[in-house]
>>> print(open('model_21.pdb').read())   # PDB, C-alpha atoms
ATOM      1  CA  ARG B   1     -13.446-132.290  -0.349  1.00  0.00           C
ATOM      2  CA  LEU B   2     -12.848-134.908   2.299  1.00  0.00           C
ATOM      3  CA  VAL B   3     -16.563-135.625   2.663  1.00  0.00           C
ATOM      4  CA  GLU B   4     -16.942-135.712  -1.131  1.00  0.00           C
ATOM      5  CA  ALA B   5     -14.217-138.346  -1.329  1.00  0.00           C
ATOM      6  CA  TYR B   6     -15.396-140.293   1.728  1.00  0.00           C
ATOM      7  CA  PRO B   7     -19.157-139.747   2.211  1.00  0.00           C
ATOM      8  CA  ASP B   8     -19.326-141.997   5.282  1.00  0.00           C
ATOM      9  CA  ILE B   9     -17.069-139.823   7.439  1.00  0.00           C
ATOM     10  CA  ARG B  10     -17.860-136.658   9.341  1.00  0.00           C
ATOM     11  CA  PRO B  11     -14.668-134.736  10.020  1.00  0.00           C
ATOM     12  CA  GLY B  12     -14.367-132.520  13.039  1.00  0.00           C
ATOM     13  CA  ILE B  13     -11.983-129.596  12.869  1.00  0.00           C
ATOM     14  CA  ILE B  14     -10.439-127.974  15.918  1.00  0.00           C
ATOM     15  CA  ASN B  15      -8.914-124.785  14.574  1.00  0.00           C
ATOM     16  CA  LEU B  16      -6.656-122.325  16.328  1.00  0.00           C
ATOM     17  CA  GLY B  17      -5.467-119.472  14.172  1.00  0.00           C
ATOM     18  CA  LEU B  18      -3.418-116.553  15.438  1.00  0.00           C
ATOM     19  CA  GLY B  19      -1.588-114.680  12.699  1.00  0.00           C
ATOM     20  CA  GLY B  20       1.932-113.372  12.872  1.00  0.00           C
ATOM     21  CA  GLN B  21       3.176-115.594  15.696  1.00  0.00           C
ATOM     22  CA  PRO B  22       6.640-117.135  16.123  1.00  0.00           C
ATOM     23  CA  ILE B  23       7.041-120.891  16.415  1.00  0.00           C
ATOM     24  CA  ALA B  24       8.271-120.231  19.965  1.00  0.00           C
ATOM     25  CA  ARG B  25       4.620-119.862  20.985  1.00  0.00           C
ATOM     26  CA  TRP B  26       4.204-123.583  20.200  1.00  0.00           C
ATOM     27  CA  ALA B  27       7.643-125.052  20.956  1.00  0.00           C
ATOM     28  CA  LYS B  28       8.537-125.844  24.563  1.00  0.00           C
ATOM     29  CA  TYR B  29      12.161-126.223  25.597  1.00  0.00           C
ATOM     30  CA  PRO B  30      13.191-127.220  29.117  1.00  0.00           C
ATOM     31  CA  TRP B  31      15.772-125.008  30.769  1.00  0.00           C
ATOM     32  CA  GLY B  32      19.285-125.907  29.732  1.00  0.00           C
ATOM     33  CA  GLU B  33      18.459-127.376  26.322  1.00  0.00           C
ATOM     34  CA  THR B  34      20.279-126.008  23.278  1.00  0.00           C
ATOM     35  CA  TYR B  35      17.555-123.645  22.042  1.00  0.00           C
ATOM     36  CA  TYR B  36      15.978-122.781  25.401  1.00  0.00           C
ATOM     37  CA  THR B  37      17.378-119.222  25.502  1.00  0.00           C
ATOM     38  CA  LEU B  38      16.656-118.460  21.847  1.00  0.00           C
ATOM     39  CA  ASN B  39      13.144-119.872  22.067  1.00  0.00           C
ATOM     40  CA  SER B  40      12.441-117.912  25.261  1.00  0.00           C
ATOM     41  CA  SER B  41      13.712-114.696  23.682  1.00  0.00           C
ATOM     42  CA  ARG B  42      11.191-114.987  20.827  1.00  0.00           C
ATOM     43  CA  THR B  43       8.081-114.715  23.050  1.00  0.00           C
ATOM     44  CA  THR B  44       7.083-113.906  26.613  1.00  0.00           C
ATOM     45  CA  THR B  45       5.358-117.268  27.144  1.00  0.00           C
ATOM     46  CA  PRO B  46       6.917-120.107  25.133  1.00  0.00           C
ATOM     47  CA  GLY B  47       4.415-122.810  24.231  1.00  0.00           C
ATOM     48  CA  ASP B  48       1.317-120.827  25.226  1.00  0.00           C
ATOM     49  CA  ILE B  49      -0.495-121.258  21.892  1.00  0.00           C
ATOM     50  CA  TYR B  50       0.309-124.971  21.921  1.00  0.00           C
ATOM     51  CA  ASP B  51      -1.140-125.247  25.439  1.00  0.00           C
ATOM     52  CA  LEU B  52      -4.266-123.363  24.378  1.00  0.00           C
ATOM     53  CA  HIS B  53      -4.712-125.619  21.339  1.00  0.00           C
ATOM     54  CA  VAL B  54      -4.248-128.775  23.404  1.00  0.00           C
ATOM     55  CA  ALA B  55      -6.924-127.551  25.826  1.00  0.00           C
ATOM     56  CA  GLN B  56      -9.285-126.987  22.887  1.00  0.00           C
ATOM     57  CA  ILE B  57      -8.537-130.427  21.454  1.00  0.00           C
ATOM     58  CA  ILE B  58      -9.186-132.138  24.784  1.00  0.00           C
ATOM     59  CA  ALA B  59     -12.398-130.162  25.333  1.00  0.00           C
ATOM     60  CA  GLY B  60     -13.605-130.895  21.791  1.00  0.00           C
ATOM     61  CA  LEU B  61     -12.922-134.613  22.024  1.00  0.00           C
ATOM     62  CA  ALA B  62     -14.612-134.768  25.444  1.00  0.00           C
ATOM     63  CA  LYS B  63     -17.886-133.583  23.859  1.00  0.00           C
ATOM     64  CA  LEU B  64     -18.057-136.592  21.540  1.00  0.00           C
ATOM     65  CA  SER B  65     -20.306-139.490  22.467  1.00  0.00           C
ATOM     66  CA  VAL B  66     -17.608-142.005  21.467  1.00  0.00           C
ATOM     67  CA  GLN B  67     -13.904-141.849  22.164  1.00  0.00           C
ATOM     68  CA  ARG B  68     -11.934-140.543  19.175  1.00  0.00           C
ATOM     69  CA  LYS B  69      -8.349-139.680  18.380  1.00  0.00           C
ATOM     70  CA  VAL B  70      -6.849-136.879  16.337  1.00  0.00           C
ATOM     71  CA  ASP B  71      -6.383-138.182  12.796  1.00  0.00           C
ATOM     72  CA  VAL B  72      -4.123-135.423  11.473  1.00  0.00           C
ATOM     73  CA  ILE B  73      -2.529-132.111  12.478  1.00  0.00           C
ATOM     74  CA  CYS B  74      -2.399-129.412   9.788  1.00  0.00           C
ATOM     75  CA  TRP B  75       0.134-126.654  10.483  1.00  0.00           C
ATOM     76  CA  HIS B  76       0.548-123.324   8.717  1.00  0.00           C
ATOM     77  CA  GLN B  77       3.167-121.065  10.283  1.00  0.00           C
ATOM     78  CA  GLY B  78       6.514-119.618   9.351  1.00  0.00           C
ATOM     79  CA  GLU B  79       6.209-116.028   8.128  1.00  0.00           C
ATOM     80  CA  ASN B  80       7.012-114.532  11.533  1.00  0.00           C
ATOM     81  CA  ASP B  81      10.209-116.590  11.747  1.00  0.00           C
ATOM     82  CA  GLY B  82      11.419-115.589   8.277  1.00  0.00           C
ATOM     83  CA  TRP B  83      13.768-112.831   9.349  1.00  0.00           C
ATOM     84  CA  ASN B  84      16.842-113.249  11.531  1.00  0.00           C
ATOM     85  CA  VAL B  85      15.897-116.727  12.691  1.00  0.00           C
ATOM     86  CA  ASP B  86      18.384-119.547  12.382  1.00  0.00           C
ATOM     87  CA  GLY B  87      17.109-122.329  10.110  1.00  0.00           C
ATOM     88  CA  ASN B  88      18.564-124.970  12.432  1.00  0.00           C
ATOM     89  CA  TYR B  89      16.554-123.559  15.342  1.00  0.00           C
ATOM     90  CA  TYR B  90      13.393-123.525  13.232  1.00  0.00           C
ATOM     91  CA  THR B  91      13.932-127.139  12.149  1.00  0.00           C
ATOM     92  CA  ASP B  92      14.493-128.214  15.740  1.00  0.00           C
ATOM     93  CA  ALA B  93      11.472-126.229  16.971  1.00  0.00           C
ATOM     94  CA  LEU B  94       9.241-127.661  14.222  1.00  0.00           C
ATOM     95  CA  ASN B  95      10.327-131.216  15.073  1.00  0.00           C
ATOM     96  CA  ARG B  96       9.718-130.447  18.743  1.00  0.00           C
ATOM     97  CA  VAL B  97       6.182-129.208  17.983  1.00  0.00           C
ATOM     98  CA  ILE B  98       5.493-132.368  15.980  1.00  0.00           C
ATOM     99  CA  SER B  99       6.736-134.509  18.886  1.00  0.00           C
ATOM    100  CA  GLN B 100       4.691-132.514  21.386  1.00  0.00           C
ATOM    101  CA  TYR B 101       1.464-133.132  19.469  1.00  0.00           C
ATOM    102  CA  ARG B 102       2.276-136.785  18.870  1.00  0.00           C
ATOM    103  CA  SER B 103       2.942-137.310  22.573  1.00  0.00           C
ATOM    104  CA  LEU B 104      -0.669-136.418  23.427  1.00  0.00           C
ATOM    105  CA  SER B 105      -2.863-139.338  24.461  1.00  0.00           C
ATOM    106  CA  CYS B 106      -5.305-138.410  21.657  1.00  0.00           C
ATOM    107  CA  CYS B 107      -2.518-138.748  19.062  1.00  0.00           C
ATOM    108  CA  SER B 108       0.157-141.313  18.313  1.00  0.00           C
ATOM    109  CA  LYS B 109       3.711-141.509  17.007  1.00  0.00           C
ATOM    110  CA  THR B 110       2.216-141.952  13.532  1.00  0.00           C
ATOM    111  CA  THR B 111      -0.315-139.110  13.612  1.00  0.00           C
ATOM    112  CA  PRO B 112       0.236-137.328  10.285  1.00  0.00           C
ATOM    113  CA  PHE B 113       1.574-133.789  10.584  1.00  0.00           C
ATOM    114  CA  ILE B 114       1.092-131.740   7.423  1.00  0.00           C
ATOM    115  CA  VAL B 115       2.679-128.310   7.003  1.00  0.00           C
ATOM    116  CA  GLY B 116       2.156-125.719   4.284  1.00  0.00           C
ATOM    117  CA  GLU B 117       4.480-123.284   2.580  1.00  0.00           C
ATOM    118  CA  THR B 118       4.096-119.548   3.030  1.00  0.00           C
ATOM    119  CA  THR B 119       3.129-117.360   0.044  1.00  0.00           C
ATOM    120  CA  GLY B 120       5.435-116.957  -2.930  1.00  0.00           C
ATOM    121  CA  ALA B 121       5.099-113.177  -2.997  1.00  0.00           C
ATOM    122  CA  ASP B 122       8.224-111.881  -1.259  1.00  0.00           C
ATOM    123  CA  THR B 123      11.148-110.319  -3.115  1.00  0.00           C
ATOM    124  CA  GLY B 124      12.756-113.653  -3.878  1.00  0.00           C
ATOM    125  CA  THR B 125      12.344-117.368  -3.451  1.00  0.00           C
ATOM    126  CA  ASN B 126      12.753-118.514   0.148  1.00  0.00           C
ATOM    127  CA  THR B 127      13.786-115.072   1.442  1.00  0.00           C
ATOM    128  CA  GLY B 128      12.100-112.677   3.863  1.00  0.00           C
ATOM    129  CA  TRP B 129       8.977-114.203   5.361  1.00  0.00           C
ATOM    130  CA  GLU B 130       9.377-117.173   2.980  1.00  0.00           C
ATOM    131  CA  ALA B 131      12.766-118.195   4.353  1.00  0.00           C
ATOM    132  CA  ARG B 132      11.235-120.973   6.465  1.00  0.00           C
ATOM    133  CA  ASN B 133       9.812-122.647   3.351  1.00  0.00           C
ATOM    134  CA  ILE B 134      13.166-124.413   3.136  1.00  0.00           C
ATOM    135  CA  GLN B 135      12.702-126.078   6.529  1.00  0.00           C
ATOM    136  CA  LEU B 136       8.989-126.675   5.946  1.00  0.00           C
ATOM    137  CA  GLY B 137       9.749-128.396   2.632  1.00  0.00           C
ATOM    138  CA  ASN B 138      12.408-130.537   4.246  1.00  0.00           C
ATOM    139  CA  VAL B 139       9.728-132.578   6.019  1.00  0.00           C
ATOM    140  CA  ASN B 140       9.110-134.161   2.596  1.00  0.00           C
ATOM    141  CA  ARG B 141      12.697-135.397   2.631  1.00  0.00           C
ATOM    142  CA  ASP B 142      13.152-136.432   6.242  1.00  0.00           C
ATOM    143  CA  ALA B 143      12.956-139.980   7.581  1.00  0.00           C
ATOM    144  CA  ASP B 144       9.433-139.484   8.965  1.00  0.00           C
ATOM    145  CA  PRO B 145       6.856-140.956   6.552  1.00  0.00           C
ATOM    146  CA  TYR B 146       4.042-139.232   8.496  1.00  0.00           C
ATOM    147  CA  THR B 147       5.145-135.640   7.815  1.00  0.00           C
ATOM    148  CA  LYS B 148       4.450-133.818   4.579  1.00  0.00           C
ATOM    149  CA  CYS B 149       4.640-130.273   3.239  1.00  0.00           C
ATOM    150  CA  ILE B 150       2.064-129.006   0.782  1.00  0.00           C
ATOM    151  CA  SER B 151       3.069-126.574  -1.915  1.00  0.00           C
ATOM    152  CA  SER B 152       1.264-123.269  -1.640  1.00  0.00           C
ATOM    153  CA  ALA B 153       3.804-120.670  -2.790  1.00  0.00           C
ATOM    154  CA  ASP B 154       2.199-120.771  -6.240  1.00  0.00           C
ATOM    155  CA  LEU B 155      -1.195-119.648  -4.937  1.00  0.00           C
ATOM    156  CA  THR B 156      -2.547-116.106  -5.087  1.00  0.00           C
ATOM    157  CA  TYR B 157      -2.414-113.685  -2.209  1.00  0.00           C
ATOM    158  CA  THR B 158      -5.034-111.124  -1.235  1.00  0.00           C
ATOM    159  CA  HIS B 159      -3.770-107.789  -2.609  1.00  0.00           C
ATOM    160  CA  ASP B 160      -0.609-106.173  -3.944  1.00  0.00           C
ATOM    161  CA  HIS B 161      -0.146-104.325  -0.633  1.00  0.00           C
ATOM    162  CA  ASP B 162      -0.687-107.531   1.352  1.00  0.00           C
ATOM    163  CA  LYS B 163       1.360-110.331  -0.116  1.00  0.00           C
ATOM    164  CA  ILE B 164       1.512-112.439   3.041  1.00  0.00           C
ATOM    165  CA  HIS B 165      -2.123-113.555   3.257  1.00  0.00           C
ATOM    166  CA  PHE B 166      -3.726-115.976   0.819  1.00  0.00           C
ATOM    167  CA  SER B 167      -6.877-115.114  -1.115  1.00  0.00           C
ATOM    168  CA  ALA B 168     -10.128-116.981  -0.366  1.00  0.00           C
ATOM    169  CA  ASP B 169      -9.682-119.023  -3.552  1.00  0.00           C
ATOM    170  CA  ALA B 170      -6.123-119.894  -2.544  1.00  0.00           C
ATOM    171  CA  GLN B 171      -7.309-120.963   0.911  1.00  0.00           C
ATOM    172  CA  ARG B 172      -9.818-123.357  -0.666  1.00  0.00           C
ATOM    173  CA  LYS B 173      -7.061-124.829  -2.847  1.00  0.00           C
ATOM    174  CA  MET B 174      -4.804-125.150   0.201  1.00  0.00           C
ATOM    175  CA  GLY B 175      -7.565-127.003   2.031  1.00  0.00           C
ATOM    176  CA  THR B 176      -7.780-129.495  -0.833  1.00  0.00           C
ATOM    177  CA  ARG B 177      -3.983-129.921  -0.811  1.00  0.00           C
ATOM    178  CA  TYR B 178      -3.890-130.434   2.934  1.00  0.00           C
TER     179      TYR B 178
END
>>> encode(input="model_21.pdb", output="structure tokens")
Amino acid sequence: RLVEAYPDIRPGIINLGLGGQPIARWAKYPWGETYYTLNSSRTTTPGDIYDLHVAQIIAGLAKLSVQRKVDVICWHQGENDGWNVDGNYYTDALNRVISQYRSLSCCSKTTPFIVGETTGADTGTNTGWEARNIQLGNVNRDADPYTKCISSADLTYTHDHDKIHFSADAQRKMGTRY
């Protein structure tokens, strides 16, 4: 859709997808900070997926013949943190992840960071694995004009027995919304 709208551009996508992971695998807290202990208790190696993604971004950009920057970060995560995770921690961790990406030399303080809601298929709105939709949606109301949340809870999921994962059609619609 991006190329259809802007035929002169050629987007490059550096994707890292690992399902069912807590935000702690992206967020990095120095020892002694408020959420250090909680973040460390959620995974054996806090920030390891973030580090892996950064390495892929740097390697991908290094292969280009001209120097480029990251134009946007698209983020889809939250289901794993839906149960028994404090919303304040998730908000802080999400803001930390945004800051971490924006601190990279290939990004800037104004690099757009777009998040997406989880499916709308749990037993109630914003409960269970959808509980983090509240914090994800709050980026549309914060003071940062370069963060946005796309609506995706209205999209279809794969099967009745699997209500967490989006269908192929829903993924295409999400891509257009992102």
>>> atom_distance(input="model_21.pdb", atom1="CA of Val85 (chain B)", atom2="CA of Pro46 (chain B)")
15.7 Å
>>> closest_residue(input="model_21.pdb", among="B:Thr110, B:Lys173, B:Val3, B:Leu94", to="Val139 (chain B)", atoms="all atoms listed in the file")
B:Leu94
>>> closest_residue(input="model_21.pdb", among="B:Leu38, B:Val66, B:Leu52, B:Leu2", to="Leu18 (chain B)", atoms="all atoms listed in the file")
B:Leu52
>>> residues_around(input="model_21.pdb", residues="Tyr178 (chain B)", least_positions_apart="6", cutoff="9 Å", atoms="all atoms listed in the file", output="list in words")
Cys74, Ile114, Val115, Gly116, Cys149 and Ile150 of chain B
>>> closest_residue(input="model_21.pdb", among="B:Asp8, B:Asp92, B:Glu79, B:Asp51", to="Tyr35 (chain B)", atoms="all atoms listed in the file")
B:Asp92
>>> residues_around(input="model_21.pdb", residues="Ala24 (chain B)", least_positions_apart="3", cutoff="7 Å", atoms="all atoms listed in the file", output="VMD selection string")
chain B and resid 27 39 42 to 43 46 to 47
>>> axis_aligned_box(input="model_21.pdb", around="region 56-68 of chain B", padding_each_side="6 Å", output="lines of an AutoDock Vina configuration file")
center_x = -14.4
center_y = -134.5
center_z = 22.3
size_x = 23.8
size_y = 27.0
size_z = 18.3
